[in-house]
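To be precise, the following lines are upload.csv, and they hold CSV, C-alpha atoms.
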chain,number,residue,atom,x,y,z
A,15,MET,CA,2.6,-44.3,5.7
A,16,GLU,CA,6.2,-43.3,6.6
A,17,GLN,CA,7.0,-42.9,2.8
A,18,TYR,CA,3.8,-40.9,2.3
A,19,LEU,CA,4.7,-38.4,5.1
A,20,HIS,CA,8.2,-38.2,3.7
A,21,ASP,CA,6.9,-37.3,0.3
A,22,LEU,CA,4.5,-34.7,1.8
A,23,ARG,CA,7.3,-33.1,3.7
A,24,ALA,CA,9.5,-33.0,0.5
A,25,VAL,CA,6.7,-31.3,-1.5
A,26,PHE,CA,6.2,-28.8,1.3
A,27,GLU,CA,9.9,-28.0,1.6
A,28,ALA,CA,10.3,-27.7,-2.2
A,29,GLY,CA,7.4,-25.2,-2.2
A,30,VAL,CA,8.9,-23.1,0.6
A,31,GLU,CA,12.3,-23.1,-1.1
A,32,ARG,CA,10.8,-22.0,-4.4
A,33,VAL,CA,9.6,-18.8,-2.8
A,34,ASN,CA,12.7,-18.1,-0.7
A,35,PRO,CA,13.1,-14.3,-1.1
A,36,TYR,CA,16.9,-14.5,-1.1
A,37,HIS,CA,17.1,-17.0,-4.0
A,38,MET,CA,14.3,-15.2,-5.9
A,39,MET,CA,16.5,-12.0,-5.8
A,40,GLU,CA,19.5,-14.1,-7.0
A,41,ASN,CA,17.4,-15.3,-9.9
A,42,HIS,CA,16.4,-11.8,-10.9
A,43,LEU,CA,19.5,-9.6,-10.3
A,44,ALA,CA,23.1,-10.3,-11.5
A,45,LEU,CA,26.3,-8.2,-11.6
A,46,GLN,CA,29.2,-8.8,-13.9
A,47,GLY,CA,31.9,-6.1,-13.6
A,48,THR,CA,29.9,-2.9,-13.8
A,49,ARG,CA,27.0,-4.4,-15.8
A,50,LEU,CA,23.9,-5.0,-13.8
A,51,THR,CA,21.3,-7.3,-15.3
A,52,VAL,CA,17.7,-7.3,-14.1
A,53,ARG,CA,15.6,-10.2,-15.2
A,54,GLY,CA,11.8,-10.3,-15.4
A,55,VAL,CA,11.4,-6.8,-16.7
A,56,HIS,CA,7.8,-6.3,-18.1
A,57,SER,CA,7.5,-10.1,-18.6
A,58,ALA,CA,8.8,-13.3,-17.1
A,59,ASP,CA,11.5,-13.7,-19.7
A,60,GLY,CA,12.3,-10.0,-20.2
A,61,GLU,CA,15.5,-8.5,-19.0
A,62,MET,CA,17.5,-5.2,-19.0
A,63,THR,CA,21.2,-4.6,-18.6
A,64,LEU,CA,22.6,-1.2,-17.5
A,65,SER,CA,26.0,0.1,-16.6
A,66,LEU,CA,26.6,1.2,-13.0
A,67,ASP,CA,29.1,3.7,-14.4
A,68,ASP,CA,26.1,5.8,-15.4
A,69,PHE,CA,25.1,6.4,-11.8
A,70,ASP,CA,26.6,8.4,-9.0
A,71,ARG,CA,24.9,6.5,-6.2
A,72,ILE,CA,22.8,3.4,-5.6
A,73,HIS,CA,20.1,3.4,-2.9
A,74,VAL,CA,18.2,0.3,-1.6
A,75,ILE,CA,14.8,0.9,0.0
A,76,GLY,CA,11.8,-1.3,0.8
A,77,THR,CA,9.2,-2.6,3.1
A,78,GLY,CA,7.5,-5.9,4.0
A,79,LYS,CA,7.7,-9.1,6.0
A,80,ALA,CA,10.1,-10.7,3.5
A,81,THR,CA,12.1,-7.6,2.6
A,82,ALA,CA,15.1,-8.2,4.9
A,83,ARG,CA,16.0,-11.4,3.0
A,84,MET,CA,15.6,-9.6,-0.3
A,85,ALA,CA,17.9,-6.9,1.0
A,86,LYS,CA,20.4,-9.4,2.2
A,87,ALA,CA,20.6,-10.8,-1.3
A,88,VAL,CA,21.0,-7.3,-2.8
A,89,GLU,CA,23.9,-6.6,-0.4
A,90,ASP,CA,25.6,-9.8,-1.3
A,91,ILE,CA,25.3,-9.0,-5.0
A,92,LEU,CA,26.1,-5.3,-5.0
A,93,GLY,CA,28.3,-5.1,-1.9
A,94,ASP,CA,29.9,-1.7,-1.2
A,95,ARG,CA,28.5,-0.3,-4.5
A,96,ILE,CA,25.4,0.5,-2.4
A,97,SER,CA,25.6,4.1,-1.2
A,98,ALA,CA,22.8,4.0,1.3
A,99,GLY,CA,19.7,2.0,2.2
A,100,GLY,CA,16.7,1.7,4.5
A,101,ILE,CA,14.0,-0.9,4.9
A,102,SER,CA,11.1,-1.3,7.3
A,103,VAL,CA,10.2,-4.9,8.3
A,104,LYS,CA,8.2,-6.8,10.9
A,105,TYR,CA,9.5,-7.5,14.4
A,106,GLY,CA,11.5,-10.8,14.2
A,107,HIS,CA,11.9,-10.7,10.4
A,108,THR,CA,15.4,-9.2,10.2
A,109,GLU,CA,18.7,-10.3,8.6
A,110,PRO,CA,22.3,-9.2,9.4
A,111,LEU,CA,22.9,-6.3,7.0
A,112,LYS,CA,26.1,-4.2,6.7
A,113,ILE,CA,25.0,-1.2,4.7
A,114,ILE,CA,21.2,-1.1,4.5
A,115,GLU,CA,19.6,0.2,7.7
A,116,THR,CA,16.7,-1.7,9.2
A,117,VAL,CA,13.7,-0.4,11.1
A,118,VAL,CA,11.5,-3.1,12.8
A,119,ALA,CA,7.9,-2.1,13.1
A,120,GLY,CA,4.3,-3.2,13.9
A,121,HIS,CA,2.1,-5.4,11.8
A,122,PRO,CA,-0.8,-5.6,11.1
A,123,VAL,CA,-1.5,-2.4,13.1
A,124,PRO,CA,1.3,0.2,12.5
A,125,ASP,CA,3.2,1.7,15.4
A,126,GLU,CA,5.7,4.6,16.0
A,127,ASN,CA,8.5,2.5,14.3
A,128,SER,CA,6.3,2.3,11.2
A,129,VAL,CA,6.4,6.1,11.0
A,130,GLU,CA,10.2,6.0,11.6
A,131,GLY,CA,10.5,3.6,8.6
A,132,GLY,CA,8.4,5.9,6.5
A,133,THR,CA,10.5,8.9,7.5
A,134,ARG,CA,13.8,7.1,6.7
A,135,ILE,CA,12.6,5.9,3.3
A,136,THR,CA,11.1,9.3,2.4
A,137,GLU,CA,14.5,11.0,3.2
A,138,LEU,CA,16.3,8.6,0.9
A,139,ALA,CA,13.7,9.0,-1.8
A,140,ARG,CA,14.0,12.8,-1.8
A,141,GLN,CA,17.8,12.5,-2.1
A,142,SER,CA,17.4,10.7,-5.4
A,143,ASP,CA,18.1,12.4,-8.8
A,144,GLU,CA,18.7,11.5,-12.4
A,145,LYS,CA,22.1,10.0,-11.4
A,146,THR,CA,20.6,7.7,-8.8
A,147,LEU,CA,19.7,4.0,-9.2
A,148,VAL,CA,17.1,2.9,-6.7
A,149,ILE,CA,16.5,-0.8,-5.9
A,150,ASN,CA,13.0,-0.9,-4.3
A,151,LEU,CA,12.1,-4.1,-2.4
A,152,ILE,CA,8.4,-4.7,-1.7
A,153,SER,CA,6.7,-7.6,0.0
A,154,GLY,CA,3.5,-8.3,1.9
A,155,GLY,CA,2.8,-6.4,5.1
A,156,GLY,CA,4.3,-3.2,3.8
A,157,SER,CA,1.0,-1.4,4.3
A,158,ALA,CA,1.5,-1.4,8.1
A,159,LEU,CA,5.3,-1.3,8.2
A,160,LEU,CA,5.7,1.8,6.0
A,161,VAL,CA,3.7,4.7,7.4
A,162,SER,CA,3.7,8.4,6.5
A,163,PRO,CA,0.3,9.9,7.5
A,164,TYR,CA,-1.2,12.2,4.8
A,165,ALA,CA,-0.8,15.9,5.5
A,166,ASP,CA,-1.2,19.1,3.6
A,167,ASP,CA,-2.5,22.6,4.5
A,168,ARG,CA,-6.1,21.4,4.6
A,169,VAL,CA,-5.9,18.2,6.7
A,170,SER,CA,-3.2,16.4,8.7
A,171,LEU,CA,-3.5,12.8,9.9
A,172,SER,CA,-1.7,11.3,12.9
A,173,LEU,CA,-0.4,7.8,13.6
A,174,ALA,CA,-3.3,7.4,16.0
A,175,ASP,CA,-5.8,8.2,13.2
A,176,LYS,CA,-4.2,5.5,11.0
A,177,GLN,CA,-4.1,3.0,13.8
A,178,LYS,CA,-7.8,3.5,14.7
A,179,THR,CA,-8.9,3.3,11.1
A,180,THR,CA,-6.8,0.1,10.5
A,181,GLU,CA,-8.3,-1.5,13.6
A,182,GLN,CA,-11.8,-0.6,12.4
A,183,LEU,CA,-11.1,-2.1,8.9
A,184,LEU,CA,-9.7,-5.3,10.4
A,185,GLU,CA,-12.7,-5.7,12.7
A,186,SER,CA,-15.2,-5.0,9.9
A,187,GLY,CA,-14.3,-8.0,7.8
A,188,ALA,CA,-13.3,-5.9,4.8
A,189,GLY,CA,-11.2,-7.7,2.1
A,190,ILE,CA,-7.5,-7.0,1.6
A,191,ASN,CA,-8.1,-4.9,-1.5
A,192,GLU,CA,-10.7,-2.8,0.3
A,193,ILE,CA,-8.4,-2.3,3.3
A,194,ASN,CA,-5.5,-1.3,1.0
A,195,CYS,CA,-7.7,1.2,-0.9
A,196,VAL,CA,-8.4,3.0,2.3
A,197,ARG,CA,-4.8,2.8,3.6
A,198,LYS,CA,-3.4,4.2,0.4
A,199,HIS,CA,-5.5,7.3,0.7
A,200,LEU,CA,-4.5,7.8,4.3
A,201,SER,CA,-0.9,7.8,3.3
A,202,GLY,CA,1.6,10.3,1.9
A,203,ILE,CA,3.9,7.5,0.6
A,204,LYS,CA,1.6,4.7,-0.6
A,205,GLY,CA,-0.6,4.4,-3.7
A,206,GLY,CA,2.2,5.6,-6.0
A,207,ARG,CA,3.2,8.6,-4.0
A,208,LEU,CA,6.7,7.0,-3.3
A,209,ALA,CA,7.2,6.9,-7.1
A,210,GLY,CA,6.6,10.6,-7.2
A,211,MET,CA,9.2,11.3,-4.6
A,212,LEU,CA,11.8,9.1,-6.5
A,213,SER,CA,11.4,10.8,-9.8
A,214,PRO,CA,13.6,11.4,-11.9
A,215,ALA,CA,15.8,8.5,-10.5
A,216,THR,CA,16.0,5.1,-12.3
A,217,VAL,CA,14.0,2.7,-10.2
A,218,PHE,CA,13.6,-1.1,-10.2
A,219,SER,CA,10.9,-2.4,-8.0
A,220,PHE,CA,11.1,-6.1,-7.0
A,221,ILE,CA,7.7,-7.0,-5.7
A,222,LEU,CA,7.0,-10.3,-3.9
A,223,SER,CA,3.2,-10.8,-4.0
A,224,ASP,CA,1.0,-12.0,-1.1
A,225,VAL,CA,-2.2,-10.9,-2.9
A,226,VAL,CA,-4.4,-13.3,-4.9
A,227,GLY,CA,-4.2,-12.1,-8.5
A,228,ASP,CA,-0.9,-10.2,-7.9
A,229,ARG,CA,-2.4,-6.7,-8.3
A,230,LEU,CA,0.7,-4.5,-8.0
A,231,ASP,CA,-1.3,-1.6,-6.6
A,232,ALA,CA,-2.6,-3.8,-3.8
A,233,ILE,CA,0.7,-5.4,-2.6
A,234,ALA,CA,2.0,-3.3,0.4
A,235,SER,CA,-0.6,-0.7,-0.9
A,236,GLY,CA,1.5,-0.1,-4.1
A,237,PRO,CA,3.9,2.6,-3.0
A,238,ALA,CA,5.7,2.8,-6.4
A,239,VAL,CA,3.1,1.8,-8.9
A,240,PRO,CA,0.0,3.7,-10.3
A,241,ASP,CA,-3.1,3.4,-8.0
A,242,GLY,CA,-6.2,2.0,-9.6
A,243,THR,CA,-8.4,3.1,-6.7
A,244,THR,CA,-10.0,6.5,-5.9
A,245,PHE,CA,-11.3,8.6,-3.0
A,246,ASP,CA,-14.8,7.7,-4.2
A,247,GLU,CA,-14.1,4.0,-3.8
A,248,MET,CA,-12.7,4.7,-0.3
A,249,ALA,CA,-15.9,6.4,0.7
A,250,GLU,CA,-18.0,3.5,-0.7
A,251,ILE,CA,-16.0,1.1,1.4
A,252,ILE,CA,-16.5,3.2,4.6
A,253,ARG,CA,-20.2,3.3,3.9
A,254,LYS,CA,-20.4,-0.4,3.1
A,255,TYR,CA,-19.0,-1.4,6.5
A,256,ASP,CA,-20.9,1.4,8.4
A,257,MET,CA,-17.8,3.0,9.6
A,258,GLU,CA,-18.6,6.7,9.1
A,259,ASP,CA,-19.3,7.5,12.7
A,260,ARG,CA,-16.4,5.4,14.1
A,261,LEU,CA,-13.6,7.0,12.2
A,262,PRO,CA,-11.3,9.8,13.5
A,263,GLU,CA,-12.4,13.4,12.5
A,264,ALA,CA,-9.3,14.0,10.4
A,265,VAL,CA,-10.0,10.8,8.3
A,266,ARG,CA,-13.6,11.9,7.8
A,267,THR,CA,-12.3,15.3,6.6
A,268,LEU,CA,-9.8,13.7,4.3
A,269,VAL,CA,-12.6,11.6,2.7
A,270,ASP,CA,-14.8,14.6,2.3
A,271,LEU,CA,-12.1,16.7,0.7
A,272,GLY,CA,-11.0,13.9,-1.6
A,273,THR,CA,-14.4,13.0,-2.9
A,274,LYS,CA,-15.0,16.7,-3.6
A,275,GLU,CA,-11.6,16.8,-5.5
A,276,GLU,CA,-10.3,19.5,-3.3
A,277,ILE,CA,-7.1,17.5,-2.6
A,278,PRO,CA,-5.3,15.4,-5.3
A,279,ASP,CA,-6.1,11.7,-5.6
A,280,THR,CA,-3.2,9.2,-5.7
A,281,PRO,CA,-1.2,9.0,-8.9
A,282,LYS,CA,-2.8,7.1,-11.8
A,283,GLU,CA,-1.6,5.4,-14.9
A,284,GLY,CA,0.3,7.9,-17.1
A,285,ASP,CA,1.0,10.4,-14.3
Do you think you could lay out the structure here as structure tokens?
Amino acid sequence: MEQYLHDLRAVFEAGVERVNPYHMMENHLALQGTRLTVRGVHSADGEMTLSLDDFDRIHVIGTGKATARMAKAVEDILGDRISAGGISVKYGHTEPLKIIETVVAGHPVPDENSVEGGTRITELARQSDEKTLVINLISGGGSALLVSPYADDRVSLSLADKQKTTEQLLESGAGINEINCVRKHLSGIKGGRLAGMLSPATVFSFILSDVVGDRLDAIASGPAVPDGTTFDEMAEIIRKYDMEDRLPEAVRTLVDLGTKEEIPDTPKEGD
């Protein structure tokens, strides 16, 4: 029995070590002189090498429960080549970082610090241009940790609107893909909208999946990848769980405008 328990522990520890975010970044990012190699581009064995001399600045951004360890690895690899950085992580999930600023925020229900994280990363994204290299670090939990409530001249959401909607979704029994569909459409930064802010920078997104099937648009609500969901699907989910009368007025307005195509949907493939 003692040997059996020893073997079980060894298997467990090997599994945990295999998905250590720090070592995963070490396996996918390497610097030699001014040449940066990114492994796993487009496929497991694909890679790309570029010269850092082609860029004026390097920004590191990201969100998620595992993102601090990912950021620690990036700092150890790139050092003071990093111009600026900002990440938003869950309380208690931090690492000692020298350059990249950390915001600790609420999960699974967002809080004021989640908005602060969204604001900081939005600021960095909007500073990016064609001479900027952006390392974007995404892991599970980012949907709650990175918040920028949707707002335009027709409708403006608040943090309270997002909090109430998130609570209703969690209580309803909705699946993670359904929850993220709704959260993406409540956001000014998720569902591919961060990618729009970053353009025309060169961006590498390192995405650590916590979603069965590894759908990139579902992990942390896909801030920098095309969104495969629509306002119509959002409306269907709200009806499915009989949430129409329990949602904040601004959210109901957003759904109505979105399904009528009076406000733009999230970015799609080819945008």
| request: Excluding Ser219 (chain A) and any residue of its chain fewer than 4 positions from it, enumerate the residues within 8 Å of it, using all atoms listed in the file, and give them as a list in words. | output: Ile149, Asn150, Leu151, Ile152 and Ala238 of chain A
Who sits within 9 Å of region 95-100 of chain A, only C-alpha atoms, same chain under 5 positions skipped, as a PDB file with C-alpha atoms, keeping the file's coordinate frame:
ATOM      1  CA  LEU A  66      26.600   1.200 -13.000  1.00  0.00           C
ATOM      2  CA  ASP A  70      26.600   8.400  -9.000  1.00  0.00           C
ATOM      3  CA  ARG A  71      24.900   6.500  -6.200  1.00  0.00           C
ATOM      4  CA  ILE A  72      22.800   3.400  -5.600  1.00  0.00           C
ATOM      5  CA  HIS A  73      20.100   3.400  -2.900  1.00  0.00           C
ATOM      6  CA  VAL A  74      18.200   0.300  -1.600  1.00  0.00           C
ATOM      7  CA  ILE A  75      14.800   0.900   0.000  1.00  0.00           C
ATOM      8  CA  GLY A  76      11.800  -1.300   0.800  1.00  0.00           C
ATOM      9  CA  THR A  77       9.200  -2.600   3.100  1.00  0.00           C
ATOM     10  CA  VAL A  88      21.000  -7.300  -2.800  1.00  0.00           C
ATOM     11  CA  GLU A  89      23.900  -6.600  -0.400  1.00  0.00           C
ATOM     12  CA  ILE A 113      25.000  -1.200   4.700  1.00  0.00           C
ATOM     13  CA  ILE A 114      21.200  -1.100   4.500  1.00  0.00           C
ATOM     14  CA  GLU A 115      19.600   0.200   7.700  1.00  0.00           C
ATOM     15  CA  THR A 116      16.700  -1.700   9.200  1.00  0.00           C
ATOM     16  CA  VAL A 117      13.700  -0.400  11.100  1.00  0.00           C
ATOM     17  CA  GLY A 131      10.500   3.600   8.600  1.00  0.00           C
ATOM     18  CA  ARG A 134      13.800   7.100   6.700  1.00  0.00           C
ATOM     19  CA  ILE A 135      12.600   5.900   3.300  1.00  0.00           C
ATOM     20  CA  LEU A 138      16.300   8.600   0.900  1.00  0.00           C
TER      21      LEU A 138
END
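Summary of the local environment: counting all atoms listed in the file, residues at most 12 Å from Lys254 (chain A), other than itself and those fewer than 3 positions away along its chain, are Leu183, Ser186, Gly187, Ala188, Gly189, Glu192, Glu247, Met248, Ala249, Glu250, Ile251, Met257 and Glu258 of chain A.
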Output for the residues just chosen: C-alpha atoms as a JSON list (two decimals), in the coordinates of the input:
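See part-v6.json below for the written result:
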[["chain", "number", "residue", "atom", "x", "y", "z"],
["A", 183, "LEU", "CA", -11.10, -2.10, 8.90],
["A", 186, "SER", "CA", -15.20, -5.00, 9.90],
["A", 187, "GLY", "CA", -14.30, -8.00, 7.80],
["A", 188, "ALA", "CA", -13.30, -5.90, 4.80],
["A", 189, "GLY", "CA", -11.20, -7.70, 2.10],
["A", 192, "GLU", "CA", -10.70, -2.80, 0.30],
["A", 247, "GLU", "CA", -14.10, 4.00, -3.80],
["A", 248, "MET", "CA", -12.70, 4.70, -0.30],
["A", 249, "ALA", "CA", -15.90, 6.40, 0.70],
["A", 250, "GLU", "CA", -18.00, 3.50, -0.70],
["A", 251, "ILE", "CA", -16.00, 1.10, 1.40],
["A", 257, "MET", "CA", -17.80, 3.00, 9.60],
["A", 258, "GLU", "CA", -18.60, 6.70, 9.10]]
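Nearest-residue note for Ala82 (chain A): choosing from A:Leu64, A:Leu111, A:Met38, A:Ala58, the minimum distance belongs to A:Leu111, counting only C-alpha atoms.
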| request: Would you work out the distance separating CA of Pro122 (chain A) from CA of Ser223 (chain A), expressed in Å to one decimal? | output: 16.5 Å
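Take the candidates A:Phe245, A:Phe69, A:Phe26, A:Phe218 and check each one against Ile277 (chain A) using only C-alpha atoms; the shortest distance goes to A:Phe245.
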| Out of A:Pro240, A:Asn191, A:Leu200, A:Val129, which residue has the shortest atom-to-atom distance to Val226 (chain A) when counting all atoms listed in the file? |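 Distance minimum relative to Val226 (chain A) lands on A:Asn191.
Nearest to Val217 (chain A) of all the residues A:Thr146, A:Ser201, A:Thr273, A:Gln177 is A:Thr146, counting all atoms listed in the file.
For Thr179 (chain A), the residues within 9 Å (counting only C-alpha atoms, excluding itself and residues fewer than 6 positions away along the chain) are Val196, Arg197, Arg260, Leu261, Pro262 and Val265 of chain A.
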| query | So how far away is CA of Glu275 (chain A) from CA of Thr136 (chain A), in Å? | reply |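 Here the two named atoms are 25.2 Å from each other.
With all atoms listed in the file as the atoms that count, the minimum distance from Arg207 (chain A) to the choices A:Leu50, A:Ala139, A:Val225, A:Leu45 is reached by A:Ala139.
Proximity to Gly54 (chain A) was assessed for A:Gly78, A:Ala85, A:Ile221, A:Glu137 counting all atoms listed in the file; the smallest distance is recorded for A:Ile221.
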| query | In Å to one decimal, how far is CA of Glu144 (chain A) from CA of Ala44 (chain A)? | reply |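 Computing it gives 22.3 Å between the two atoms.
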| request: Write out as a list in words which residues come within 8 Å of Arg53 (chain A) when counting only C-alpha atoms, dropping same-chain ones fewer than 4 positions away. | output: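 Listing them by chain and then by number gives Asn41, His42, Leu43, Ala58, Asp59, Gly60, Glu61 and Met62 of chain A.
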